[in-house]
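Q: Take this structure, written in structure tokens, and hold onto it; I'll ask about it next.
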Amino acid sequence: MMQRVGAFVSRNQKFIPLTATAVLALAAYGFGAVLYPGMRDPQVFLNILRNNTFLLISAVGMTFVIISGGIDLSVSGVVALTTVASAALLRAGWNSWLVILVMLVMGMALGAVMGGFIAYLKVQPFIATLAGMWFARGMSFFISDDAIAIHDRTFHILGQTRILIPGLSDPVAQQGDFVSIFVIVSFIILAAAMYTAHLTRFGRAMYAVGGNEQSARLMGLPVDTTKVLVYTISGFCSGLAGVSWAIFVASGHGLYATGFELNVIASVVMGGTMLTGGVGYVFGTLFGVLILGITQTLIQFNGALSSWWTRIVIGLLTFMFIGVQSILAARKVGRRRALEAGASRWAAARRRRRALTFGAGAVVVIAVMAAVVINSAPAAGGPAATADAEQCQLKPFRQEQAVSFMEQGAVITYERNGGPSCIDEVYAIFPDGRIVGDDGVSQIEKQATPAEVGELLTGIRDYGWFTDEMYNTWHTPCGQCYGYYLTVADDGQEKTVKGVDGGTDAPADYWQVVSLVKGIVPKFVVTP
Amino acid sequence: MKQPGSSLSWRKVTESKLFFPIVALALILLFDLISNPGFFAIQSREGNLYGSLIDIFRNASTVMLLAIGMTLVIATGGVDLSVGAIMAIAASVAALMMNPYVMAKELPPNLMKLINDPQFTFQPLWVVLAVTLVVATICGLWNGLLVAYVKIQPMVATLILMIAGRGIAQLITNGVRIQIFYGPYAFIGQGWLVLPFSLYLVAVVYLVAWILTRKTAIGMFIESVGINSRSSFFSGIDEKKIKLLAYAFCGICAGIAGLVASSNIKTSDANNIGLTLELDAILAVVIGGTLLGAGGRFSLLASLVGAVVIQAVTTSMYALGVPAFALQAIKGVVVILVILLYSEQARSLIRGIAAQRET
């Protein structure tokens, strides 16, 4: 039995990194679902896909480049340039489909030029694409220094259309779990890329070039053409990712996507593609992207861990995957050498021991990380969270208090409750600049200027104040999330909006308004 | 067509690694002189010298520091992408040791008065500097271990710290941007002793590196490891230790650069200190003629000139009124041009076209 398993494993050894990634992604999501009931909501999983379409699209392009033995640092620059250029062209009144087409062609052209430098002038991929990144990012600032908002109808429809998932939604009421159009687009790109990489002549040439450029050339493969094509494809993907980004945030700015190329490279590496080239699966990249998204979601749900933990965790995971890859590569070389020198049992045992040590190390790292995630919540959570972190659910909206504040003439009431330390705060902002807060125990007051309040209201109006429907974005609340209730009286109308953070489907401008309000209200001193 | 060997000494000059960067620098400065005749004016105030030229050198000092370490790493055939992140870590460590109160739950009542005092520091300056440099060295050693002993590709191995480093830097200060008020620390990046103090730091680091590589055999070992790591191993050079040393030294240089950068802006800004400076450092080394990816022969001085060239381009563009961010586009074009000048393919292509014209 053991032998058969061993034979199966060694025969399918090339799938090990892919399987490891898939298992890790599923395990991480399962771990989150056990810990935070809110994560069991299928919409949370769909939101990971929805929020990372640009990552998936550009990671697919990057997979091609890395398999062919190169690297493409220009991704983030091209994405930023695409958002700015498309926003500027739309502002100039171009047709939206034409804009998208032009953006894709521009991405391909940039990629082709870089590929040409790499293939024909033998410039190092690192340097050529680095120059490409600088060029693209700099050009976006030549177009505009500031962010340009996108008010185009087609872009809006592309971003807001909900594709309901059959079985998880009610098609008549148009409610339930959904994905966006670009999730579908990114999966089409993924499927097309898998077909191209594994089932076409170009795909095989790409693997050959990445594996050993010299022998690929001697075999008579069109090495240079393949390279140019690979970078053109990557440029196309970056352009599409940029369009998706512009649609997602409905604006364009040259500072978008700084450091994005790191996330893309990390996803590709976590997806089991070797940075040395020649080895890897496009399909694995999907799981790499998922791991990144799940890590972000876990940290968001935990609430007590700050956002920079994402970077540290991604760094550690990248390290682990690279370690596994280097061991697999060493084993391959070692086995060949052992065959040449007559297999030495001792050497094989040593290699196995090395792999075991590394595997054990990886398990320990994961265990420590899991312990940190589980423990950090109560530790940082304060008194209420220690005993019953799971019990600290969101409290009902203190409507009477909000209404009484509004009757006293407040323009905004804002309630925030839940979170890791189980708070329950109500604030009211009056037009004369008086701000009062109440956290159930004590009261707080702050005097802002009337001008600041006016600015806040203008800001809320500028974000295109929410539609009339009352957003009810309840999913089974996670123990660590905050619930927000916001009532605004402006222009003779009064509207209340409520929502829970952590992967809900409230529109982006809702959170922007919440953060505006957060900026002005006084803070309660956390009593230990 | 030039006659090969017509003038031996001229050929020697043009083949020196220093030749091209100095020509480039001279061209840029000439351009400045024409576009702005007052460019080279240097004033003396209270015995200290000020002027555009000195500004170029002062602003180049962080990249110069990074370029010294990066030269050694690239000469061993590697690359270190994590120097920017190490700068951020160093800045965070230094700031935290001078002003750790941001981390405390209970703040001392007279806190603002205390930390606004330019004489206040929690730890004495030498402890701050020593611990920061030790931390930076550990970061460099980590890179070196991965490259030399775990045998991960240098670009990938240092990518790990590049991704995680800024997270670690924020973890150290708990996400707070710590302001630095301590006067003597500010002197590192902002002080003047006739010339900016940071230039003396560059000179010291350069001297140490020069003595290490040119007065001992280490320099030759580094070149030999870069040219062929395996055959150096067979000829008795401990190639792993040499690589480890190069990355550790690069880490120290990045640590010093982090001190200079944080002292310049008087905060520990983990998100922005040293951002994309690794690219500038690599570019400086490439302009200096050390081959990226291939390693081998290197020139520390040429890398320093390369760093100054980058800063001179930047300053000249500012003087022309090009916006700061848009400058990157020009930088990208310059990189490609520089690389093409070095590239054999481009040279042979041009030669081929020239030959076709003649026939």
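Convention: chains lettered A, B, ... in structure tokens order; per-chain residue numbering from 1; ligands numbered from 1 as shown.
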For chain B, work out the contacting residues on chain A at 7 Å, counting only C-alpha atoms, and write them as a list in words.

A: Leu121, Lys122, Ala128, Ala131, Gly132, Trp134, Phe135, Ala136, Arg137, Gly138, Met139, Phe141, Phe142, Leu262, Trp308, Trp309, Arg311, Ile312, Gly315, Thr318, Phe319 and Ser326 of chain A

Q: When you look at Glu452 in chain A with a cut-off of 12 Å (counting only C-alpha atoms), what residues show up, excluding the ones that are within fewer than 2 positions of it in the same chain? I need them as a list in words.

A: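 Surrounding residues, per the criterion: Ile429, Phe430, Pro431, Asp432, Gly433, Arg434, Ile435, Gln447, Ala448, Thr449, Pro450, Gly454, Glu455, Leu456, Leu457, Thr458, Gly459, Leu516, Val517, Gly519, Ile520 and Val521 of chain A.
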
Q: Report, in Å with one decimal, the straight-line distance from CA of Leu244 in chain B to CA of Gly140 in chain B.

A: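 If I compute the distance from CA of Leu244 in chain B to CA of Gly140 in chain B, I get 8.1 Å.
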
Q: List the neighbours of Ala241 in chain A out to 10 Å using only C-alpha atoms; skip same-chain residues closer than 3 positions along the sequence, and give me the result as an mmCIF file with N, CA and C atoms, in the first residue's frame.

A:
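After the write, out.cif holds the following:
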data_model
loop_
_atom_site.group_PDB
_atom_site.id
_atom_site.type_symbol
_atom_site.label_atom_id
_atom_site.label_comp_id
_atom_site.auth_asym_id
_atom_site.auth_seq_id
_atom_site.Cartn_x
_atom_site.Cartn_y
_atom_site.Cartn_z
ATOM 1 N N ASN A 52 -10.643 40.805 -6.318
ATOM 2 C CA ASN A 52 -9.296 40.512 -6.804
ATOM 3 C C ASN A 52 -9.265 40.186 -8.283
ATOM 4 N N THR A 53 -10.259 40.671 -9.041
ATOM 5 C CA THR A 53 -10.261 40.350 -10.473
ATOM 6 C C THR A 53 -8.991 40.855 -11.138
ATOM 7 N N PHE A 54 -8.568 42.091 -10.802
ATOM 8 C CA PHE A 54 -7.376 42.629 -11.467
ATOM 9 C C PHE A 54 -6.140 41.831 -11.092
ATOM 10 N N LEU A 55 -6.111 41.336 -9.835
ATOM 11 C CA LEU A 55 -4.967 40.524 -9.426
ATOM 12 C C LEU A 55 -4.917 39.230 -10.231
ATOM 13 N N LEU A 56 -6.082 38.592 -10.387
ATOM 14 C CA LEU A 56 -6.111 37.322 -11.121
ATOM 15 C C LEU A 56 -5.706 37.543 -12.575
ATOM 16 N N ILE A 57 -6.267 38.590 -13.192
ATOM 17 C CA ILE A 57 -5.988 38.812 -14.616
ATOM 18 C C ILE A 57 -4.495 39.069 -14.831
ATOM 19 N N SER A 58 -3.917 39.975 -14.014
ATOM 20 C CA SER A 58 -2.501 40.270 -14.265
ATOM 21 C C SER A 58 -1.614 39.116 -13.825
ATOM 22 N N ALA A 59 -2.056 38.330 -12.827
ATOM 23 C CA ALA A 59 -1.251 37.181 -12.408
ATOM 24 C C ALA A 59 -1.197 36.130 -13.511
ATOM 25 N N GLY A 61 -1.163 36.764 -16.723
ATOM 26 C CA GLY A 61 -0.134 37.236 -17.657
ATOM 27 C C GLY A 61 1.261 37.005 -17.102
ATOM 28 N N VAL A 75 3.909 45.582 -14.513
ATOM 29 C CA VAL A 75 2.470 45.392 -14.331
ATOM 30 C C VAL A 75 1.814 46.577 -13.621
ATOM 31 N N SER A 76 2.407 46.979 -12.480
ATOM 32 C CA SER A 76 1.750 48.013 -11.689
ATOM 33 C C SER A 76 1.720 49.331 -12.448
ATOM 34 N N VAL A 78 1.674 49.766 -15.747
ATOM 35 C CA VAL A 78 0.707 49.711 -16.844
ATOM 36 C C VAL A 78 -0.719 49.817 -16.294
ATOM 37 N N VAL A 79 -0.962 49.178 -15.134
ATOM 38 C CA VAL A 79 -2.301 49.276 -14.538
ATOM 39 C C VAL A 79 -2.617 50.734 -14.211
ATOM 40 N N ALA A 80 -1.659 51.429 -13.576
ATOM 41 C CA ALA A 80 -1.896 52.822 -13.205
ATOM 42 C C ALA A 80 -2.116 53.674 -14.451
ATOM 43 N N THR A 82 -3.217 52.724 -17.320
ATOM 44 C CA THR A 82 -4.505 52.407 -17.937
ATOM 45 C C THR A 82 -5.643 53.117 -17.218
ATOM 46 N N THR A 83 -5.606 53.119 -15.871
ATOM 47 C CA THR A 83 -6.707 53.774 -15.157
ATOM 48 C C THR A 83 -6.740 55.258 -15.515
ATOM 49 N N LEU A 104 -6.457 48.150 -24.214
ATOM 50 C CA LEU A 104 -5.888 46.812 -24.417
ATOM 51 C C LEU A 104 -4.764 46.867 -25.442
ATOM 52 N N GLY A 107 -1.709 48.392 -23.798
ATOM 53 C CA GLY A 107 -1.004 47.424 -22.953
ATOM 54 C C GLY A 107 -0.179 46.469 -23.794
ATOM 55 N N PHE A 182 -16.663 41.250 -14.191
ATOM 56 C CA PHE A 182 -15.234 41.019 -14.383
ATOM 57 C C PHE A 182 -14.739 39.732 -13.740
ATOM 58 N N SER A 186 -12.432 37.436 -15.829
ATOM 59 C CA SER A 186 -11.140 36.922 -15.372
ATOM 60 C C SER A 186 -11.088 35.405 -15.502
ATOM 61 N N GLY A 235 1.325 42.226 -21.286
ATOM 62 C CA GLY A 235 0.872 43.606 -21.426
ATOM 63 C C GLY A 235 -0.633 43.687 -21.611
ATOM 64 N N PHE A 236 -1.175 42.764 -22.424
ATOM 65 C CA PHE A 236 -2.631 42.706 -22.615
ATOM 66 C C PHE A 236 -3.337 42.490 -21.286
ATOM 67 N N CYS A 237 -2.813 41.528 -20.503
ATOM 68 C CA CYS A 237 -3.430 41.231 -19.205
ATOM 69 C C CYS A 237 -3.352 42.447 -18.286
ATOM 70 N N SER A 238 -2.197 43.135 -18.284
ATOM 71 C CA SER A 238 -2.079 44.328 -17.434
ATOM 72 C C SER A 238 -3.088 45.378 -17.862
ATOM 73 N N SER A 244 -10.213 46.842 -15.464
ATOM 74 C CA SER A 244 -11.010 46.290 -14.368
ATOM 75 C C SER A 244 -10.849 47.126 -13.110
ATOM 76 N N TRP A 245 -9.603 47.582 -12.865
ATOM 77 C CA TRP A 245 -9.317 48.419 -11.685
ATOM 78 C C TRP A 245 -10.068 49.743 -11.795
ATOM 79 N N ALA A 246 -9.997 50.363 -13.000
ATOM 80 C CA ALA A 246 -10.662 51.656 -13.195
ATOM 81 C C ALA A 246 -12.158 51.519 -12.979
ATOM 82 N N ILE A 247 -12.728 50.389 -13.444
ATOM 83 C CA ILE A 247 -14.159 50.181 -13.269
ATOM 84 C C ILE A 247 -14.479 49.937 -11.794
#

Q: Name the residues in contact with range 17-23 of chain B at a cut-off of 12 Å, using only C-alpha atoms, excluding same-chain residues fewer than 3 positions from it; report them as an NGL selection string.

A: :B and (10-14 or 26-30 or 283-291 or 297-310 or 312 or 338-339 or 341-342)

Q: Filtering to N, CA and C atoms, could you give me those residues as an mmCIF file, in the first residue's frame?

A:
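Result file is out_33.cif:
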data_model
loop_
_atom_site.group_PDB
_atom_site.id
_atom_site.type_symbol
_atom_site.label_atom_id
_atom_site.label_comp_id
_atom_site.auth_asym_id
_atom_site.auth_seq_id
_atom_site.Cartn_x
_atom_site.Cartn_y
_atom_site.Cartn_z
ATOM 1 N N TRP B 10 44.413 55.862 -25.114
ATOM 2 C CA TRP B 10 43.034 56.299 -25.274
ATOM 3 C C TRP B 10 42.082 55.126 -25.081
ATOM 4 N N ARG B 11 42.473 53.992 -25.639
ATOM 5 C CA ARG B 11 41.655 52.809 -25.539
ATOM 6 C C ARG B 11 41.523 52.363 -24.080
ATOM 7 N N LYS B 12 42.628 52.460 -23.380
ATOM 8 C CA LYS B 12 42.624 52.100 -21.966
ATOM 9 C C LYS B 12 41.631 52.976 -21.212
ATOM 10 N N VAL B 13 41.629 54.262 -21.557
ATOM 11 C CA VAL B 13 40.721 55.191 -20.880
ATOM 12 C C VAL B 13 39.279 54.827 -21.184
ATOM 13 N N THR B 14 38.974 54.576 -22.468
ATOM 14 C CA THR B 14 37.575 54.311 -22.808
ATOM 15 C C THR B 14 37.107 52.977 -22.260
ATOM 16 N N ALA B 26 29.245 64.388 -17.097
ATOM 17 C CA ALA B 26 29.741 65.628 -17.688
ATOM 18 C C ALA B 26 28.716 66.196 -18.658
ATOM 19 N N LEU B 27 28.089 65.307 -19.452
ATOM 20 C CA LEU B 27 27.086 65.777 -20.413
ATOM 21 C C LEU B 27 25.914 66.431 -19.687
ATOM 22 N N ILE B 28 25.460 65.766 -18.600
ATOM 23 C CA ILE B 28 24.312 66.311 -17.874
ATOM 24 C C ILE B 28 24.669 67.666 -17.276
ATOM 25 N N LEU B 29 25.885 67.749 -16.689
ATOM 26 C CA LEU B 29 26.282 69.012 -16.065
ATOM 27 C C LEU B 29 26.460 70.101 -17.116
ATOM 28 N N LEU B 30 26.947 69.704 -18.292
ATOM 29 C CA LEU B 30 27.097 70.670 -19.387
ATOM 30 C C LEU B 30 25.728 71.209 -19.787
ATOM 31 N N LEU B 283 20.175 50.462 -10.567
ATOM 32 C CA LEU B 283 20.451 51.262 -11.761
ATOM 33 C C LEU B 283 21.818 51.927 -11.661
ATOM 34 N N ALA B 284 22.138 52.453 -10.453
ATOM 35 C CA ALA B 284 23.433 53.110 -10.273
ATOM 36 C C ALA B 284 24.563 52.126 -10.556
ATOM 37 N N VAL B 285 24.411 50.906 -10.053
ATOM 38 C CA VAL B 285 25.453 49.900 -10.258
ATOM 39 C C VAL B 285 25.564 49.544 -11.738
ATOM 40 N N VAL B 286 24.398 49.443 -12.397
ATOM 41 C CA VAL B 286 24.411 49.084 -13.821
ATOM 42 C C VAL B 286 25.070 50.199 -14.635
ATOM 43 N N ILE B 287 24.738 51.455 -14.295
ATOM 44 C CA ILE B 287 25.393 52.577 -14.984
ATOM 45 C C ILE B 287 26.890 52.509 -14.739
ATOM 46 N N GLY B 288 27.267 52.060 -13.530
ATOM 47 C CA GLY B 288 28.677 51.933 -13.195
ATOM 48 C C GLY B 288 29.371 50.787 -13.909
ATOM 49 N N GLY B 289 28.647 50.052 -14.737
ATOM 50 C CA GLY B 289 29.294 49.074 -15.585
ATOM 51 C C GLY B 289 29.421 47.683 -15.008
ATOM 52 N N THR B 290 28.941 47.456 -13.755
ATOM 53 C CA THR B 290 28.949 46.095 -13.229
ATOM 54 C C THR B 290 27.765 45.357 -13.843
ATOM 55 N N LEU B 291 28.006 44.137 -14.301
ATOM 56 C CA LEU B 291 26.984 43.442 -15.070
ATOM 57 C C LEU B 291 25.967 42.810 -14.147
ATOM 58 N N ARG B 297 33.741 41.548 -12.695
ATOM 59 C CA ARG B 297 34.507 42.751 -12.382
ATOM 60 C C ARG B 297 33.595 43.897 -11.970
ATOM 61 N N PHE B 298 34.026 44.592 -10.935
ATOM 62 C CA PHE B 298 33.208 45.691 -10.461
ATOM 63 C C PHE B 298 34.094 46.883 -10.138
ATOM 64 N N SER B 299 33.437 48.057 -10.084
ATOM 65 C CA SER B 299 34.144 49.254 -9.666
ATOM 66 C C SER B 299 33.237 50.028 -8.721
ATOM 67 N N LEU B 300 33.683 50.155 -7.463
ATOM 68 C CA LEU B 300 32.868 50.857 -6.473
ATOM 69 C C LEU B 300 32.699 52.315 -6.851
ATOM 70 N N LEU B 301 33.805 52.926 -7.321
ATOM 71 C CA LEU B 301 33.765 54.352 -7.632
ATOM 72 C C LEU B 301 32.802 54.613 -8.781
ATOM 73 N N ALA B 302 32.810 53.711 -9.785
ATOM 74 C CA ALA B 302 31.919 53.895 -10.924
ATOM 75 C C ALA B 302 30.463 53.828 -10.479
ATOM 76 N N SER B 303 30.160 52.941 -9.503
ATOM 77 C CA SER B 303 28.793 52.875 -8.997
ATOM 78 C C SER B 303 28.411 54.168 -8.307
ATOM 79 N N LEU B 304 29.364 54.742 -7.545
ATOM 80 C CA LEU B 304 29.079 56.018 -6.878
ATOM 81 C C LEU B 304 28.770 57.088 -7.919
ATOM 82 N N VAL B 305 29.582 57.135 -8.980
ATOM 83 C CA VAL B 305 29.325 58.116 -10.036
ATOM 84 C C VAL B 305 27.961 57.851 -10.658
ATOM 85 N N GLY B 306 27.629 56.554 -10.805
ATOM 86 C CA GLY B 306 26.309 56.205 -11.341
ATOM 87 C C GLY B 306 25.197 56.792 -10.494
ATOM 88 N N ALA B 307 25.342 56.674 -9.149
ATOM 89 C CA ALA B 307 24.323 57.232 -8.261
ATOM 90 C C ALA B 307 24.212 58.739 -8.453
ATOM 91 N N VAL B 308 25.357 59.398 -8.615
ATOM 92 C CA VAL B 308 25.327 60.854 -8.800
ATOM 93 C C VAL B 308 24.672 61.196 -10.139
ATOM 94 N N VAL B 309 24.927 60.361 -11.168
ATOM 95 C CA VAL B 309 24.310 60.611 -12.476
ATOM 96 C C VAL B 309 22.796 60.611 -12.339
ATOM 97 N N ILE B 310 22.264 59.585 -11.617
ATOM 98 C CA ILE B 310 20.801 59.505 -11.459
ATOM 99 C C ILE B 310 20.280 60.779 -10.797
ATOM 100 N N ALA B 312 21.714 63.677 -10.634
ATOM 101 C CA ALA B 312 21.920 64.864 -11.479
ATOM 102 C C ALA B 312 20.799 64.969 -12.505
ATOM 103 N N VAL B 338 20.765 53.899 -21.558
ATOM 104 C CA VAL B 338 22.035 53.508 -20.943
ATOM 105 C C VAL B 338 22.328 52.038 -21.207
ATOM 106 N N ILE B 339 21.298 51.209 -20.992
ATOM 107 C CA ILE B 339 21.488 49.774 -21.171
ATOM 108 C C ILE B 339 21.858 49.474 -22.621
ATOM 109 N N LEU B 341 23.408 51.387 -24.650
ATOM 110 C CA LEU B 341 24.779 51.783 -24.916
ATOM 111 C C LEU B 341 25.746 50.680 -24.520
ATOM 112 N N TYR B 342 25.393 49.956 -23.440
ATOM 113 C CA TYR B 342 26.272 48.886 -22.983
ATOM 114 C C TYR B 342 26.088 47.602 -23.778
#

Q: Among range 78-242 of chain B, which residues carry a DSSP assignment of helix (DSSP H, G or I), reported as an NGL selection string?

A: :B and (83-98 or 100-103 or 111-116 or 125-149 or 154-172 or 183-190 or 197-214 or 218-227 or 229-234 or 239-242)

Q: Would you export the selected residues with C-alpha atoms as an mmCIF file, in the first residue's frame, please?

A:
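Contents of the output file again_19.cif:
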data_model
loop_
_atom_site.group_PDB
_atom_site.id
_atom_site.type_symbol
_atom_site.label_atom_id
_atom_site.label_comp_id
_atom_site.auth_asym_id
_atom_site.auth_seq_id
_atom_site.Cartn_x
_atom_site.Cartn_y
_atom_site.Cartn_z
ATOM 1 C CA VAL B 83 17.462 47.195 0.550
ATOM 2 C CA GLY B 84 14.501 49.595 0.506
ATOM 3 C CA ALA B 85 12.645 47.442 3.021
ATOM 4 C CA ILE B 86 15.776 47.135 5.190
ATOM 5 C CA MET B 87 15.999 50.946 5.199
ATOM 6 C CA ALA B 88 12.433 51.101 6.518
ATOM 7 C CA ILE B 89 13.192 48.490 9.198
ATOM 8 C CA ALA B 90 16.322 50.387 10.284
ATOM 9 C CA ALA B 91 14.407 53.669 10.488
ATOM 10 C CA SER B 92 11.685 52.039 12.584
ATOM 11 C CA VAL B 93 14.173 50.446 14.981
ATOM 12 C CA ALA B 94 16.099 53.692 15.437
ATOM 13 C CA ALA B 95 12.974 55.793 15.964
ATOM 14 C CA LEU B 96 11.509 53.317 18.415
ATOM 15 C CA MET B 97 14.662 53.274 20.518
ATOM 16 C CA MET B 98 14.795 57.041 20.734
ATOM 17 C CA PRO B 100 9.403 54.335 22.604
ATOM 18 C CA TYR B 101 6.491 56.086 24.295
ATOM 19 C CA VAL B 102 4.183 55.651 21.331
ATOM 20 C CA MET B 103 4.024 51.980 22.215
ATOM 21 C CA LEU B 111 4.882 63.555 27.392
ATOM 22 C CA MET B 112 4.675 66.257 24.758
ATOM 23 C CA LYS B 113 7.104 68.475 26.609
ATOM 24 C CA LEU B 114 9.433 65.536 27.053
ATOM 25 C CA ILE B 115 9.579 64.305 23.473
ATOM 26 C CA ASN B 116 9.603 67.779 21.938
ATOM 27 C CA LEU B 125 22.784 57.675 20.400
ATOM 28 C CA TRP B 126 25.554 55.106 20.121
ATOM 29 C CA VAL B 127 23.231 52.355 21.379
ATOM 30 C CA VAL B 128 20.608 53.436 18.859
ATOM 31 C CA LEU B 129 23.113 53.356 16.008
ATOM 32 C CA ALA B 130 24.691 50.071 17.093
ATOM 33 C CA VAL B 131 21.389 48.226 17.519
ATOM 34 C CA THR B 132 20.043 49.583 14.220
ATOM 35 C CA LEU B 133 23.122 48.445 12.351
ATOM 36 C CA VAL B 134 22.995 45.039 14.044
ATOM 37 C CA VAL B 135 19.365 44.634 12.979
ATOM 38 C CA ALA B 136 20.246 45.688 9.418
ATOM 39 C CA THR B 137 23.129 43.214 9.410
ATOM 40 C CA ILE B 138 20.771 40.441 10.528
ATOM 41 C CA CYS B 139 18.481 41.307 7.609
ATOM 42 C CA GLY B 140 21.462 41.108 5.254
ATOM 43 C CA LEU B 141 22.592 37.813 6.793
ATOM 44 C CA TRP B 142 19.107 36.379 6.275
ATOM 45 C CA ASN B 143 19.325 37.227 2.560
ATOM 46 C CA GLY B 144 22.832 35.799 2.403
ATOM 47 C CA LEU B 145 21.793 32.577 4.137
ATOM 48 C CA LEU B 146 18.952 32.035 1.689
ATOM 49 C CA VAL B 147 21.153 32.725 -1.314
ATOM 50 C CA ALA B 148 24.354 30.968 -0.271
ATOM 51 C CA TYR B 149 23.207 28.070 1.876
ATOM 52 C CA PRO B 154 19.046 35.847 -5.358
ATOM 53 C CA MET B 155 16.176 37.757 -6.923
ATOM 54 C CA VAL B 156 13.617 35.431 -5.348
ATOM 55 C CA ALA B 157 15.363 35.138 -2.001
ATOM 56 C CA THR B 158 15.551 38.882 -1.488
ATOM 57 C CA LEU B 159 12.023 39.314 -2.829
ATOM 58 C CA ILE B 160 10.791 37.629 0.357
ATOM 59 C CA LEU B 161 12.243 40.336 2.601
ATOM 60 C CA MET B 162 11.130 42.971 0.089
ATOM 61 C CA ILE B 163 7.519 41.834 0.493
ATOM 62 C CA ALA B 164 7.598 41.204 4.228
ATOM 63 C CA GLY B 165 10.042 43.964 5.235
ATOM 64 C CA ARG B 166 7.680 46.918 5.249
ATOM 65 C CA GLY B 167 5.183 44.855 7.197
ATOM 66 C CA ILE B 168 7.888 44.068 9.749
ATOM 67 C CA ALA B 169 8.854 47.747 9.930
ATOM 68 C CA GLN B 170 5.246 48.680 10.668
ATOM 69 C CA LEU B 171 4.999 45.876 13.185
ATOM 70 C CA ILE B 172 8.026 47.290 15.040
ATOM 71 C CA GLY B 183 18.898 66.899 17.720
ATOM 72 C CA PRO B 184 22.107 64.865 17.344
ATOM 73 C CA TYR B 185 20.224 62.221 15.332
ATOM 74 C CA ALA B 186 18.944 64.869 12.928
ATOM 75 C CA PHE B 187 22.576 65.836 12.323
ATOM 76 C CA ILE B 188 23.184 62.537 10.479
ATOM 77 C CA GLY B 189 21.102 63.573 7.510
ATOM 78 C CA GLN B 190 20.827 67.323 7.907
ATOM 79 C CA PHE B 197 27.585 65.295 6.958
ATOM 80 C CA SER B 198 25.996 62.415 5.021
ATOM 81 C CA LEU B 199 28.737 62.745 2.399
ATOM 82 C CA TYR B 200 31.340 61.966 5.067
ATOM 83 C CA LEU B 201 29.352 58.836 5.905
ATOM 84 C CA VAL B 202 29.451 57.853 2.228
ATOM 85 C CA ALA B 203 33.196 58.467 2.176
ATOM 86 C CA VAL B 204 33.761 56.312 5.272
ATOM 87 C CA VAL B 205 31.653 53.445 3.941
ATOM 88 C CA TYR B 206 33.370 53.709 0.584
ATOM 89 C CA LEU B 207 36.802 53.632 2.213
ATOM 90 C CA VAL B 208 35.887 50.575 4.283
ATOM 91 C CA ALA B 209 34.573 48.813 1.193
ATOM 92 C CA TRP B 210 37.609 49.847 -0.841
ATOM 93 C CA ILE B 211 40.086 48.608 1.760
ATOM 94 C CA LEU B 212 38.089 45.397 2.163
ATOM 95 C CA THR B 213 38.011 44.653 -1.540
ATOM 96 C CA ARG B 214 41.201 46.180 -2.884
ATOM 97 C CA ILE B 218 38.180 39.521 -0.702
ATOM 98 C CA GLY B 219 37.636 41.711 -3.764
ATOM 99 C CA MET B 220 39.232 39.143 -6.020
ATOM 100 C CA PHE B 221 37.254 36.359 -4.355
ATOM 101 C CA ILE B 222 34.028 38.280 -4.971
ATOM 102 C CA GLU B 223 34.870 38.724 -8.648
ATOM 103 C CA SER B 224 35.808 35.087 -9.009
ATOM 104 C CA VAL B 225 32.571 33.932 -7.325
ATOM 105 C CA GLY B 226 30.625 36.181 -9.673
ATOM 106 C CA ILE B 227 32.359 34.901 -12.776
ATOM 107 C CA SER B 229 30.861 30.212 -8.442
ATOM 108 C CA ARG B 230 31.557 26.519 -9.009
ATOM 109 C CA SER B 231 35.092 26.822 -10.226
ATOM 110 C CA SER B 232 35.940 29.242 -7.410
ATOM 111 C CA PHE B 233 34.698 26.584 -5.026
ATOM 112 C CA PHE B 234 36.993 24.039 -6.657
ATOM 113 C CA GLU B 239 32.059 30.807 -2.094
ATOM 114 C CA LYS B 240 29.214 30.554 0.425
ATOM 115 C CA LYS B 241 30.992 32.709 2.992
ATOM 116 C CA ILE B 242 31.886 35.271 0.333
#

Q: In Å, rounded to a single decimal, give me how far CA of Val230 in chain A is from CA of Ala112 in chain A.

A: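 Here the two named atoms are 8.5 Å from each other.
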
Q: Which residue is closest to Ile178 in chain B? Choose from B:Thr76, B:Gln43, B:Ser263, B:Asn48 and count only C-alpha atoms.

A: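 Checking each of B:Thr76, B:Gln43, B:Ser263, B:Asn48 against Ile178 in chain B, counting only C-alpha atoms, the winner is B:Ser263.
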
Q: With a distance cut-off of 12 Å and only C-alpha atoms, select the neighbouring residues of Gly220 in chain A, excluding the residue or stretch itself and same-chain residues fewer than 4 positions from it, and output the selection as a list in words.

A: Ala205, Ala208, Val209, Glu213, Gln214, Ser215, Ala216, Asp224 and Thr225 of chain A
